[in-house]
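Student: Structure file start-v6.cif (mmCIF, C-alpha atoms) right here:
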```cif
data_data
#
loop_
_atom_site.label_atom_id
_atom_site.label_comp_id
_atom_site.auth_asym_id
_atom_site.auth_seq_id
_atom_site.Cartn_x
_atom_site.Cartn_y
_atom_site.Cartn_z
CA MET A 1 0.00 0.00 0.00
CA PHE A 2 1.32 3.38 -0.99
CA ASN A 3 1.00 6.67 0.82
CA LYS A 4 -1.77 8.82 -0.68
CA ASN A 5 0.68 11.49 -1.82
CA LEU A 6 3.02 8.94 -3.34
CA LYS A 7 0.16 7.71 -5.53
CA LEU A 8 -0.27 11.20 -6.94
CA VAL A 9 3.47 11.61 -7.54
CA ILE A 10 3.61 8.28 -9.39
CA ALA A 11 0.60 9.28 -11.49
CA ALA A 12 2.20 12.65 -12.32
CA LEU A 13 5.47 10.98 -13.34
CA ILE A 14 3.63 8.50 -15.56
CA ILE A 15 1.64 11.32 -17.18
CA ALA A 16 4.87 13.27 -17.77
CA TYR A 17 6.41 10.24 -19.45
CA ALA A 18 3.21 9.78 -21.47
CA VAL A 19 3.52 13.35 -22.74
CA TYR A 20 7.11 12.61 -23.70
CA GLN A 21 5.90 9.54 -25.59
CA PHE A 22 3.32 11.66 -27.42
CA ILE A 23 6.02 14.16 -28.40
CA GLU A 24 8.27 11.35 -29.68
CA GLY A 25 5.39 10.07 -31.83
CA ASN A 26 4.61 6.93 -29.82
CA ILE A 27 0.89 7.57 -29.52
CA GLY A 28 0.03 4.02 -28.41
CA ASN A 29 2.56 4.08 -25.60
CA GLY A 30 1.28 7.48 -24.48
CA ILE A 31 -2.33 6.28 -24.36
CA ALA A 32 -1.35 3.14 -22.44
CA LEU A 33 0.60 5.23 -19.93
CA ILE A 34 -2.34 7.62 -19.47
CA LEU A 35 -4.56 4.62 -18.69
CA LEU A 36 -1.93 3.30 -16.28
CA SER A 37 -1.81 6.63 -14.47
CA GLY A 38 -5.61 6.50 -14.23
CA ILE A 39 -5.26 3.44 -12.01
CA PHE A 40 -3.11 5.36 -9.52
CA ILE A 41 -5.52 8.29 -9.58
CA PHE A 42 -8.44 5.90 -8.98
CA LEU A 43 -6.58 4.31 -6.06
CA TYR A 44 -6.00 7.76 -4.58
CA PHE A 45 -9.75 8.28 -4.26
CA ARG A 46 -10.67 4.65 -3.57
CA ASN A 47 -8.10 2.96 -1.35
CA GLU A 48 -7.36 -0.63 -2.34
CA ILE A 49 -7.35 -1.93 1.24
CA ILE A 50 -10.72 -0.30 2.01
CA LEU A 51 -12.16 -1.87 -1.17
CA LEU A 52 -10.91 -5.32 -0.14
CA ALA A 53 -12.27 -4.81 3.39
CA PHE A 54 -15.70 -3.94 1.94
CA LEU A 55 -15.59 -7.15 -0.13
CA ARG A 56 -14.97 -9.12 3.06
CA MET A 57 -17.75 -7.22 4.84
CA ARG A 58 -20.11 -8.05 1.99
CA LYS A 59 -19.45 -11.74 2.67
CA GLN A 60 -20.22 -11.17 6.39
CA ASP A 61 -16.60 -12.06 7.25
CA LEU A 62 -15.85 -9.70 10.14
CA GLU A 63 -12.51 -11.35 10.96
CA GLY A 64 -11.37 -11.00 7.35
CA THR A 65 -12.52 -7.38 7.30
CA GLU A 66 -10.59 -6.64 10.47
CA LYS A 67 -7.52 -8.41 9.04
CA TRP A 68 -7.58 -6.14 5.96
CA LEU A 69 -8.13 -3.02 8.04
CA THR A 70 -5.17 -3.80 10.29
CA LYS A 71 -2.93 -3.57 7.22
CA ILE A 72 -3.49 0.20 7.30
CA LYS A 73 -1.00 1.27 9.95
CA ASN A 74 -1.41 5.06 9.75
CA PRO A 75 -4.86 6.00 8.37
CA GLU A 76 -4.15 9.75 8.43
CA ALA A 77 -1.17 9.37 6.08
CA ALA A 78 -2.57 6.66 3.82
CA LEU A 79 -6.20 7.76 3.44
CA ILE A 80 -8.05 10.88 2.39
CA THR A 81 -10.72 12.21 4.77
CA LYS A 82 -13.70 10.31 3.33
CA GLN A 83 -11.69 7.09 3.35
CA GLN A 84 -10.81 7.70 7.00
CA GLY A 85 -14.56 8.00 7.61
CA TYR A 86 -15.17 4.62 6.00
CA PHE A 87 -12.18 3.15 7.85
CA ASN A 88 -13.82 4.16 11.15
CA TYR A 89 -17.26 3.09 9.89
CA LEU A 90 -16.00 -0.44 9.20
CA HIS A 91 -14.28 -0.54 12.60
CA GLY A 92 -17.55 0.56 14.19
CA ILE A 93 -19.41 -2.29 12.51
CA ILE A 94 -16.78 -4.78 13.64
CA TYR A 95 -16.73 -3.54 17.24
CA SER A 96 -20.52 -3.36 17.47
CA GLN A 97 -20.34 -7.13 17.88
CA LYS A 98 -17.64 -6.92 20.59
CA ASN A 99 -17.55 -3.64 22.53
CA LEU A 100 -20.31 -1.04 22.27
CA THR A 101 -18.29 1.82 23.78
CA THR A 102 -15.51 1.38 21.23
CA ALA A 103 -18.06 0.99 18.43
CA GLU A 104 -19.75 4.23 19.47
CA LYS A 105 -16.40 6.03 19.35
CA TYR A 106 -15.71 4.73 15.84
CA PHE A 107 -19.20 5.57 14.52
CA ARG A 108 -19.00 9.12 15.90
CA LYS A 109 -15.58 9.62 14.35
CA ALA A 110 -16.85 8.24 11.01
CA LEU A 111 -19.76 10.70 11.03
CA LYS A 112 -17.41 13.54 11.94
CA LEU A 113 -14.98 12.72 9.12
CA GLY A 114 -17.82 12.21 6.67
CA LEU A 115 -19.37 9.38 4.72
CA THR A 116 -20.29 9.69 1.06
CA MET A 117 -23.60 7.87 0.81
CA ASP A 118 -26.77 8.72 2.72
CA TYR A 119 -27.39 5.03 3.36
CA ASP A 120 -24.06 4.72 5.18
CA ILE A 121 -24.78 7.82 7.28
CA ALA A 122 -28.22 6.42 8.11
CA MET A 123 -26.73 3.07 9.06
CA ALA A 124 -24.15 4.72 11.32
CA LYS A 125 -26.84 6.83 13.01
CA LEU A 126 -29.07 3.78 13.40
CA SER A 127 -26.21 1.90 15.05
CA LEU A 128 -25.53 4.86 17.33
CA ALA A 129 -29.23 4.95 18.22
CA GLY A 130 -29.07 1.27 19.16
CA ILE A 131 -26.03 1.88 21.33
CA ALA A 132 -27.67 4.91 22.98
CA MET A 133 -30.81 2.86 23.61
CA GLN A 134 -28.80 0.11 25.30
CA LYS A 135 -27.10 2.73 27.46
CA ARG A 136 -30.54 4.14 28.44
CA ARG A 137 -30.14 7.47 26.64
CA LYS A 138 -33.63 7.63 25.19
CA ARG A 139 -33.62 11.26 23.99
CA GLU A 140 -30.40 10.82 22.03
CA ALA A 141 -31.63 7.51 20.58
CA THR A 142 -34.89 9.13 19.44
CA THR A 143 -33.03 11.98 17.74
CA LEU A 144 -30.65 9.60 16.00
CA LEU A 145 -33.53 7.38 14.86
CA GLN A 146 -35.33 10.36 13.35
CA GLU A 147 -32.18 11.42 11.50
CA ALA A 148 -31.65 7.86 10.23
CA LYS A 149 -35.27 7.72 9.06
CA ARG A 150 -34.86 11.01 7.20
CA LEU A 151 -31.65 9.82 5.50
CA ASP A 152 -33.08 6.44 4.47
CA LYS A 153 -34.49 7.51 1.11
CA ASN A 154 -34.65 4.02 -0.43
CA ASN A 155 -36.46 2.58 2.62
CA MET A 156 -33.81 -0.07 3.15
CA LEU A 157 -33.69 0.43 6.91
CA THR A 158 -37.41 0.93 7.66
CA GLU A 159 -37.78 -2.53 9.19
CA GLN A 160 -34.88 -1.97 11.60
CA ILE A 161 -36.09 1.55 12.45
CA LYS A 162 -39.60 0.27 13.25
CA MET A 163 -38.16 -2.52 15.38
CA MET A 164 -36.03 -0.02 17.33
CA GLN A 165 -39.00 2.29 17.84
CA GLN A 166 -40.95 -0.65 19.29
CA GLN A 167 -38.08 -1.44 21.64
CA MET A 168 -37.86 2.25 22.58
CA LYS A 169 -41.42 2.18 23.89
CA LYS A 170 -40.38 -0.46 26.42
CA ILE A 171 -37.70 1.79 27.94
#
```
Will you turn the file into structure tokens for me?
Tutor:
Amino acid sequence: MFNKNLKLVIAALIIAYAVYQFIEGNIGNGIALILLSGIFIFLYFRNEIILLAFLRMRKQDLEGTEKWLTKIKNPEAALITKQQGYFNYLHGIIYSQKNLTTAEKYFRKALKLGLTMDYDIAMAKLSLAGIAMQKRRKREATTLLQEAKRLDKNNMLTEQIKMMQQQMKKI
């Protein structure tokens, strides 16, 4: 895994060499090098380790997800801000099975750093609402549930939200 800035430097060097190839008349080489630099630019915005961790998460393999995430030693140097948000989001999902206090910390940090998709923000707020409800903080849980309901535009979380609202009435 490369540092985020190193990826941009490599892409810039490849593009510079591609321009040189265009000037020399090697159009095919220049096009191939531009496409190669596109890979490094793509990996700047979508970190390869985060992508592999999401593939493991999709298979419900939390141990595999955690194994991939531990390969990122310094998230601040290797990841851009949104990727740091998803790094913490995945850690929050993993720790929601183990330690709720740690999971809450990771979800709050993920929301602070920012997540791209509304569904992910809604899921993080729903998880925080569940943690708040288990810690007997009903007002905070209600607020977080309302925010999650507002963000869930495709109605993918309505069943979980209704179930939490039913459990909230018992508190």
Student: Excluding segment 27-38 of chain A and any residue of its chain fewer than 2 positions from it, enumerate the residues within 7 Å of it, using all atoms listed in the file, and give them as a ChimeraX atom specification.
Tutor: /A:11,14-15,18-19,21-22,25,40-42
Student: Report as JSON, numbers by chain the full result of the PyMOL selection byres ((chain A and resi 127-135) around 10) when it is applied to this structure.
Tutor: {"A": [92, 93, 96, 100, 101, 103, 104, 105, 106, 107, 108, 121, 122, 123, 124, 125, 126, 136, 137, 138, 139, 140, 141, 142, 143, 144, 145, 146, 147, 148, 161, 164, 167, 168, 171]}
Student: From the set A:Ala16, A:Met163, A:Ile72, A:Leu157, which residue has the shortest atom-to-atom contact distance to Tyr119 of chain A, counting only C-alpha atoms?
Tutor: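 Smallest distance to Tyr119 of chain A is found for A:Leu157.
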Student: Measuring atom to atom with only C-alpha atoms, identify which of A:Leu115, A:Ala110, A:Leu90, A:Met156 is nearest to Leu52 of chain A.
Tutor: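 Of the candidates, the smallest distance to Leu52 of chain A is held by A:Leu90.
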Student: Using the chain letters and numbers from this file, what does the PyMOL selection byres ((chain A and resi 6) around 12) select? Give the answer as a list in words.
Tutor: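 With the shown file as input, the PyMOL selection byres ((chain A and resi 6) around 12) matches Met1, Phe2, Asn3, Lys4, Asn5, Lys7, Leu8, Val9, Ile10, Ala11, Ala12, Leu13, Phe40, Ile41, Leu43, Tyr44, Ala77, Ala78 and Leu79 of chain A.
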Student: Evaluate the PyMOL selection byres ((chain A and resi 55-69) around 10) against this structure - the residues, as a list in words, please.
Tutor: Glu48, Ile49, Ile50, Leu51, Leu52, Ala53, Phe54, Thr70, Lys71, Ile72, Lys73, Pro75, Phe87, Asn88, Leu90, His91, Ile93, Ile94, Tyr95 and Gln97 of chain A
